[in-house]
Amino acid sequence: AGLLVVSAVVAGTLSVLHLAGDDRTMVDRVDPADRAVSQLLAGYLDQETGVRGYVLTGEALFLEPYQSGQTTVASAYRTLDRLLPAGGSAGRKLAGVTAAGTAWEQQFAQPAVAAVAQGDHRFATTAELTASKSLFDRVRTTVTSLQDELSAERRAAESNLAGSTDRLVTVMIISLAVILLVGLIIWVSLRRLILKPIDDVADDTRTVTSGDLAHEVRRTGPREIADLAADIEAMRCCSFAEVTEAREAREQLSALNADLAARGEQVRLWVDDA
C-alpha cells in the first residue's frame, strides 16, 4: 500500500514538472521569439520605407524611419540571438535572415543613403530600385521562413503541453483511485486485525459478566489484544474456580445437613419407641 502511494506521488510530481517544462517552453522561448521576429520584420520595413523615400525625394525626413528601424532591428536580433541557439533549425533560419538583411544594407541601403547625402541620385534609377527590391524580397522570404519554423515549434509545444495536461489529469485520477484503494485496504486491515478481535473479546467478556462463567474468553488478534484476552480469561478461570468451590462446599453442607436431619429423625423415633 505504501509503495502504491509513493508511486502515485512520484508519477504526479513528474507529470507536474513535465507540464511546467512545456509551459516554460511556450512562455520563455516560443512566444518571445515570435514577438521578436515580428519586431524584426517591422524594423526592416521601416528601414526599407525610409531608404526608398530618401532616395526618391532626397528629404532628410525619411531618414527617421530608417534610423528608428535600425534600432528596432538591432534590439530584435539581441533577443533572437539569446532565444534561438545557432545549432538549431530556428537558429540556422535566423542566420539566413541576418545574411539577407546584411546583403540589403551593404549593397543598397547604406551606399544609397551615403550617395544621396552627397547629392548623388544614381540609386534612384529603376534598375537600382529593382535590385533593391529583389534584395529586400530576400529579407522578407527569410523572415517568413523563420516565422514558419517558429509556428511549427509553437504547434509542437502546444501539442506537448496538451499531452502533458492529459497525462497529469490521468495521473491525478489514478492517484485518487490509489489513495481510495489504499484507504479501503487500511480500513479492511484495521477491521480484521484490530476492531474484530476487540469485538470478539468484548462479546466473550459480556457473556462471562452476564453469569456464564464457564464461557471461555478466547485469545485472538494482535499480541496486545491477545494478552488482554488472556488476562481476562485468567480472571474468569479464577472466578469460575472460586464459584465452583463455593458450590461444591454448599452441596457438601447440604448433604451434611440432610444426613444430620436423618440421624435426628432416627433418634426421635428411637426415643418415642422407648
# chains A, B, ... in the order shown; residues from 1 in each chain; ligands from 1
>>> residues_around(residues="Ile225 of chain A", least_positions_apart="3", cutoff="12 Å", atoms="only C-alpha atoms", output="compact mmCIF listing (two decimals) with N, CA, C and O atoms, in the first residue's frame")
# COMPACT_ATOMS: atom_id res chain seq x y z
N LEU A 193 -7.82 -6.92 11.72
CA LEU A 193 -6.73 -7.15 12.66
C LEU A 193 -6.96 -6.51 14.03
O LEU A 193 -6.41 -6.99 15.03
N ILE A 194 -7.73 -5.45 14.10
CA ILE A 194 -7.89 -4.71 15.36
C ILE A 194 -9.33 -4.72 15.86
O ILE A 194 -9.62 -5.21 16.96
N LEU A 195 -10.22 -4.19 15.02
CA LEU A 195 -11.59 -3.98 15.51
C LEU A 195 -12.33 -5.29 15.77
O LEU A 195 -12.99 -5.44 16.80
N LYS A 196 -12.21 -6.26 14.84
CA LYS A 196 -12.92 -7.52 15.05
C LYS A 196 -12.41 -8.28 16.27
O LYS A 196 -13.22 -8.79 17.08
N PRO A 197 -11.07 -8.40 16.45
CA PRO A 197 -10.61 -9.06 17.68
C PRO A 197 -11.09 -8.36 18.95
O PRO A 197 -11.45 -9.02 19.93
N ILE A 198 -11.12 -7.02 18.94
CA ILE A 198 -11.63 -6.29 20.11
C ILE A 198 -13.09 -6.63 20.34
O ILE A 198 -13.54 -6.87 21.48
N ASP A 199 -13.88 -6.66 19.24
CA ASP A 199 -15.30 -7.01 19.37
C ASP A 199 -15.47 -8.42 19.91
O ASP A 199 -16.35 -8.68 20.74
N ASP A 200 -14.64 -9.37 19.42
CA ASP A 200 -14.75 -10.76 19.89
C ASP A 200 -14.44 -10.87 21.38
O ASP A 200 -15.17 -11.56 22.13
N VAL A 201 -13.38 -10.19 21.82
CA VAL A 201 -13.04 -10.22 23.25
C VAL A 201 -14.14 -9.57 24.07
O VAL A 201 -14.52 -10.07 25.15
N ALA A 202 -14.68 -8.46 23.55
CA ALA A 202 -15.75 -7.78 24.27
C ALA A 202 -16.99 -8.66 24.37
O ALA A 202 -17.65 -8.72 25.42
N VAL A 217 -13.00 -17.01 27.34
CA VAL A 217 -12.60 -15.78 26.64
C VAL A 217 -11.41 -16.15 25.75
O VAL A 217 -10.31 -16.41 26.24
N ARG A 218 -11.64 -16.18 24.45
CA ARG A 218 -10.63 -16.70 23.53
C ARG A 218 -9.54 -15.67 23.23
O ARG A 218 -9.81 -14.48 23.13
N ARG A 219 -8.32 -16.18 23.08
CA ARG A 219 -7.21 -15.33 22.64
C ARG A 219 -7.34 -15.12 21.13
O ARG A 219 -7.45 -16.06 20.37
N THR A 220 -7.27 -13.85 20.69
CA THR A 220 -7.42 -13.56 19.27
C THR A 220 -6.76 -12.23 18.96
O THR A 220 -6.56 -11.39 19.84
N GLY A 221 -6.44 -12.02 17.67
CA GLY A 221 -5.91 -10.73 17.24
C GLY A 221 -4.44 -10.53 17.55
O GLY A 221 -3.72 -11.46 17.88
N PRO A 222 -3.99 -9.28 17.47
CA PRO A 222 -2.59 -8.96 17.74
C PRO A 222 -2.20 -9.30 19.18
O PRO A 222 -3.05 -9.56 20.03
N LEU A 228 -4.53 -9.17 26.49
CA LEU A 228 -5.67 -8.68 27.27
C LEU A 228 -6.71 -9.78 27.44
O LEU A 228 -7.26 -9.99 28.54
N ALA A 229 -6.99 -10.52 26.33
CA ALA A 229 -7.95 -11.62 26.41
C ALA A 229 -7.45 -12.69 27.39
O ALA A 229 -8.25 -13.27 28.15
N ALA A 230 -6.13 -12.95 27.38
CA ALA A 230 -5.58 -13.95 28.30
C ALA A 230 -5.74 -13.51 29.75
O ALA A 230 -6.05 -14.33 30.64
N ASP A 231 -5.53 -12.22 30.02
CA ASP A 231 -5.71 -11.71 31.39
C ASP A 231 -7.16 -11.85 31.84
O ASP A 231 -7.44 -12.25 32.98
N ILE A 232 -8.07 -11.52 30.95
CA ILE A 232 -9.50 -11.65 31.28
C ILE A 232 -9.85 -13.11 31.50
O ILE A 232 -10.61 -13.46 32.43
>>> closest_atom_pairs(of="segment 98-142 of chain A", to="segment 54-59 of chain A", cutoff="12 Å", atoms="only C-alpha atoms", output="CSV")
residue,atom,partner,partner_atom,distance
A:Phe108,CA,A:Val55,CA,10.4
A:Ala109,CA,A:Val55,CA,9.3
A:Gln110,CA,A:Val55,CA,11.1
A:Pro111,CA,A:Val55,CA,10.6
A:Ala112,CA,A:Val55,CA,6.8
A:Val113,CA,A:Val55,CA,7.0
A:Ala114,CA,A:Val55,CA,9.9
A:Ala115,CA,A:Val55,CA,8.8
A:Val116,CA,A:Val55,CA,6.3
A:Ala117,CA,A:Gly58,CA,7.8
A:Gln118,CA,A:Gly58,CA,10.2
A:Gly119,CA,A:Gly58,CA,8.2
A:Asp120,CA,A:Val55,CA,9.4
A:His121,CA,A:Val55,CA,6.9
A:Arg122,CA,A:Val55,CA,8.9
A:Phe123,CA,A:Val55,CA,6.7
A:Ala124,CA,A:Val55,CA,5.7
A:Thr125,CA,A:Leu56,CA,9.0
A:Thr126,CA,A:Leu56,CA,10.6
A:Glu128,CA,A:Val55,CA,10.4
A:Leu129,CA,A:Val55,CA,9.2
A:Ser132,CA,A:Val55,CA,11.3
>>> atom_distance(atom1="atom CA of Thr71 of chain A", atom2="atom CA of Arg154 of chain A")
27.2 Å
>>> closest_residue(among="A:Ala258, A:Leu146, A:Ala60, A:Leu83", to="Ala95 of chain A", atoms="only C-alpha atoms")
A:Leu146
>>> select_by_dssp(residues="segment 24-126 of chain A", states="alpha helix (DSSP H)", output="ChimeraX atom specification")
/A:24,31-57,63-83,89-104,110-117,126
>>> residues_around(residues="Ala90 of chain A", least_positions_apart="6", cutoff="7 Å", atoms="only C-alpha atoms", output="VMD selection string")
chain A and resid 84 146 149 to 150
>>> write_last_selection(atoms="N, CA and C atoms", output="PDB file, in the first residue's frame")
ATOM      1  N   LEU A  84      17.348  31.752 -29.715  1.00  0.00           N
ATOM      2  CA  LEU A  84      17.467  30.738 -30.768  1.00  0.00           C
ATOM      3  C   LEU A  84      18.923  30.307 -30.904  1.00  0.00           C
ATOM      4  N   LEU A 146      11.552  31.900 -41.155  1.00  0.00           N
ATOM      5  CA  LEU A 146      11.786  31.846 -39.708  1.00  0.00           C
ATOM      6  C   LEU A 146      10.459  31.834 -38.955  1.00  0.00           C
ATOM      7  N   GLU A 149       9.022  28.404 -39.130  1.00  0.00           N
ATOM      8  CA  GLU A 149       9.716  27.495 -38.214  1.00  0.00           C
ATOM      9  C   GLU A 149       9.222  27.690 -36.776  1.00  0.00           C
ATOM     10  N   LEU A 150       9.076  28.931 -36.376  1.00  0.00           N
ATOM     11  CA  LEU A 150       8.585  29.205 -35.018  1.00  0.00           C
ATOM     12  C   LEU A 150       7.134  28.757 -34.855  1.00  0.00           C
TER      13      LEU A 150
END
>>> residues_around(residues="segment 207-214 of chain A", least_positions_apart="5", cutoff="9 Å", atoms="only C-alpha atoms", output="list in words")
Ala202, Arg236, Cys237, Ser239, Phe240 and Val243 of chain A
>>> residues_around(residues="Val97 of chain A", least_positions_apart="4", cutoff="7 Å", atoms="only C-alpha atoms", output="list of chain:residue names")
A:Lys93, A:Gly101, A:Val139, A:Thr142, A:Val143
>>> atom_distance(atom1="atom CA of Tyr44 of chain A", atom2="atom CA of Gly69 of chain A")
6.1 Å
>>> decode(residues="segment 206-219 of chain A", atoms="all heavy atoms", output="JSON list (two decimals), in the first residue's frame")
[["chain", "number", "residue", "atom", "x", "y", "z"],
["A", 206, "ARG", "N", -18.65, -9.93, 27.84],
["A", 206, "ARG", "CA", -20.04, -9.66, 28.21],
["A", 206, "ARG", "C", -20.77, -10.96, 28.56],
["A", 206, "ARG", "O", -21.62, -10.99, 29.46],
["A", 206, "ARG", "CB", -20.76, -8.92, 27.07],
["A", 206, "ARG", "CG", -20.45, -7.43, 27.03],
["A", 206, "ARG", "CD", -21.38, -6.70, 26.07],
["A", 206, "ARG", "NE", -21.12, -7.08, 24.68],
["A", 206, "ARG", "CZ", -20.28, -6.44, 23.90],
["A", 206, "ARG", "NH1", -19.60, -5.41, 24.37],
["A", 206, "ARG", "NH2", -20.11, -6.82, 22.66],
["A", 207, "THR", "N", -20.47, -12.03, 27.80],
["A", 207, "THR", "CA", -21.10, -13.33, 28.11],
["A", 207, "THR", "C", -20.72, -13.79, 29.51],
["A", 207, "THR", "O", -21.56, -14.29, 30.28],
["A", 207, "THR", "CB", -20.67, -14.38, 27.07],
["A", 207, "THR", "OG1", -21.06, -13.95, 25.77],
["A", 207, "THR", "CG2", -21.31, -15.74, 27.37],
["A", 208, "VAL", "N", -19.45, -13.63, 29.87],
["A", 208, "VAL", "CA", -18.98, -14.05, 31.20],
["A", 208, "VAL", "C", -19.62, -13.20, 32.29],
["A", 208, "VAL", "O", -20.11, -13.71, 33.30],
["A", 208, "VAL", "CB", -17.43, -13.95, 31.27],
["A", 208, "VAL", "CG1", -16.95, -14.16, 32.71],
["A", 208, "VAL", "CG2", -16.80, -14.98, 30.34],
["A", 209, "THR", "N", -19.63, -11.85, 32.05],
["A", 209, "THR", "CA", -20.18, -10.96, 33.09],
["A", 209, "THR", "C", -21.69, -11.11, 33.25],
["A", 209, "THR", "O", -22.25, -10.72, 34.27],
["A", 209, "THR", "CB", -19.85, -9.49, 32.76],
["A", 209, "THR", "OG1", -20.35, -9.16, 31.46],
["A", 209, "THR", "CG2", -18.35, -9.26, 32.79],
["A", 210, "SER", "N", -22.34, -11.69, 32.23],
["A", 210, "SER", "CA", -23.79, -11.91, 32.35],
["A", 210, "SER", "C", -24.11, -13.14, 33.20],
["A", 210, "SER", "O", -25.28, -13.42, 33.48],
["A", 210, "SER", "CB", -24.42, -12.06, 30.96],
["A", 210, "SER", "OG", -23.96, -13.24, 30.32],
["A", 211, "GLY", "N", -23.06, -13.89, 33.61],
["A", 211, "GLY", "CA", -23.29, -15.01, 34.52],
["A", 211, "GLY", "C", -22.77, -16.34, 34.02],
["A", 211, "GLY", "O", -22.70, -17.31, 34.78],
["A", 212, "ASP", "N", -22.37, -16.40, 32.75],
["A", 212, "ASP", "CA", -21.88, -17.67, 32.20],
["A", 212, "ASP", "C", -20.38, -17.76, 32.42],
["A", 212, "ASP", "O", -19.59, -17.52, 31.51],
["A", 212, "ASP", "CB", -22.23, -17.76, 30.72],
["A", 212, "ASP", "CG", -21.87, -19.13, 30.13],
["A", 212, "ASP", "OD1", -21.41, -20.00, 30.89],
["A", 212, "ASP", "OD2", -22.04, -19.30, 28.90],
["A", 213, "LEU", "N", -20.01, -18.12, 33.66],
["A", 213, "LEU", "CA", -18.58, -18.17, 33.99],
["A", 213, "LEU", "C", -17.87, -19.31, 33.29],
["A", 213, "LEU", "O", -16.64, -19.33, 33.23],
["A", 213, "LEU", "CB", -18.40, -18.29, 35.50],
["A", 213, "LEU", "CG", -18.81, -17.07, 36.32],
["A", 213, "LEU", "CD1", -18.65, -17.35, 37.81],
["A", 213, "LEU", "CD2", -18.01, -15.85, 35.92],
["A", 214, "ALA", "N", -18.59, -20.26, 32.74],
["A", 214, "ALA", "CA", -17.97, -21.38, 32.05],
["A", 214, "ALA", "C", -17.56, -21.01, 30.62],
["A", 214, "ALA", "O", -16.86, -21.78, 29.96],
["A", 214, "ALA", "CB", -18.91, -22.58, 32.03],
["A", 215, "HIS", "N", -18.00, -19.84, 30.13],
["A", 215, "HIS", "CA", -17.69, -19.42, 28.76],
["A", 215, "HIS", "C", -16.24, -18.96, 28.67],
["A", 215, "HIS", "O", -15.80, -18.10, 29.43],
["A", 215, "HIS", "CB", -18.64, -18.28, 28.33],
["A", 215, "HIS", "CG", -18.42, -17.86, 26.91],
["A", 215, "HIS", "ND1", -18.95, -18.55, 25.85],
["A", 215, "HIS", "CD2", -17.73, -16.83, 26.40],
["A", 215, "HIS", "CE1", -18.61, -17.95, 24.73],
["A", 215, "HIS", "NE2", -17.86, -16.89, 25.04],
["A", 216, "GLU", "N", -15.51, -19.52, 27.75],
["A", 216, "GLU", "CA", -14.09, -19.19, 27.60],
["A", 216, "GLU", "C", -13.92, -17.86, 26.86],
["A", 216, "GLU", "O", -14.57, -17.61, 25.85],
["A", 216, "GLU", "CB", -13.37, -20.30, 26.83],
["A", 216, "GLU", "CG", -11.90, -20.01, 26.59],
["A", 216, "GLU", "CD", -11.23, -21.03, 25.70],
["A", 216, "GLU", "OE1", -11.93, -21.98, 25.26],
["A", 216, "GLU", "OE2", -10.01, -20.89, 25.42],
["A", 217, "VAL", "N", -13.00, -17.01, 27.34],
["A", 217, "VAL", "CA", -12.60, -15.78, 26.64],
["A", 217, "VAL", "C", -11.41, -16.15, 25.75],
["A", 217, "VAL", "O", -10.31, -16.41, 26.24],
["A", 217, "VAL", "CB", -12.21, -14.67, 27.64],
["A", 217, "VAL", "CG1", -11.76, -13.43, 26.87],
["A", 217, "VAL", "CG2", -13.38, -14.34, 28.56],
["A", 218, "ARG", "N", -11.64, -16.18, 24.45],
["A", 218, "ARG", "CA", -10.63, -16.70, 23.53],
["A", 218, "ARG", "C", -9.54, -15.67, 23.23],
["A", 218, "ARG", "O", -9.81, -14.48, 23.13],
["A", 218, "ARG", "CB", -11.31, -17.11, 22.23],
["A", 218, "ARG", "CG", -12.27, -18.28, 22.36],
["A", 218, "ARG", "CD", -13.24, -18.31, 21.19],
["A", 218, "ARG", "NE", -14.09, -17.11, 21.19],
["A", 218, "ARG", "CZ", -14.94, -16.82, 20.21],
["A", 218, "ARG", "NH1", -15.06, -17.63, 19.17],
["A", 218, "ARG", "NH2", -15.69, -15.73, 20.28],
["A", 219, "ARG", "N", -8.32, -16.18, 23.08],
["A", 219, "ARG", "CA", -7.21, -15.33, 22.64],
["A", 219, "ARG", "C", -7.34, -15.12, 21.13],
["A", 219, "ARG", "O", -7.45, -16.06, 20.37],
["A", 219, "ARG", "CB", -5.87, -16.00, 22.96],
["A", 219, "ARG", "CG", -5.53, -16.06, 24.44],
["A", 219, "ARG", "CD", -4.25, -16.85, 24.67],
["A", 219, "ARG", "NE", -3.13, -16.27, 23.94],
["A", 219, "ARG", "CZ", -2.27, -15.39, 24.47],
["A", 219, "ARG", "NH1", -2.42, -15.01, 25.72],
["A", 219, "ARG", "NH2", -1.27, -14.90, 23.75]]
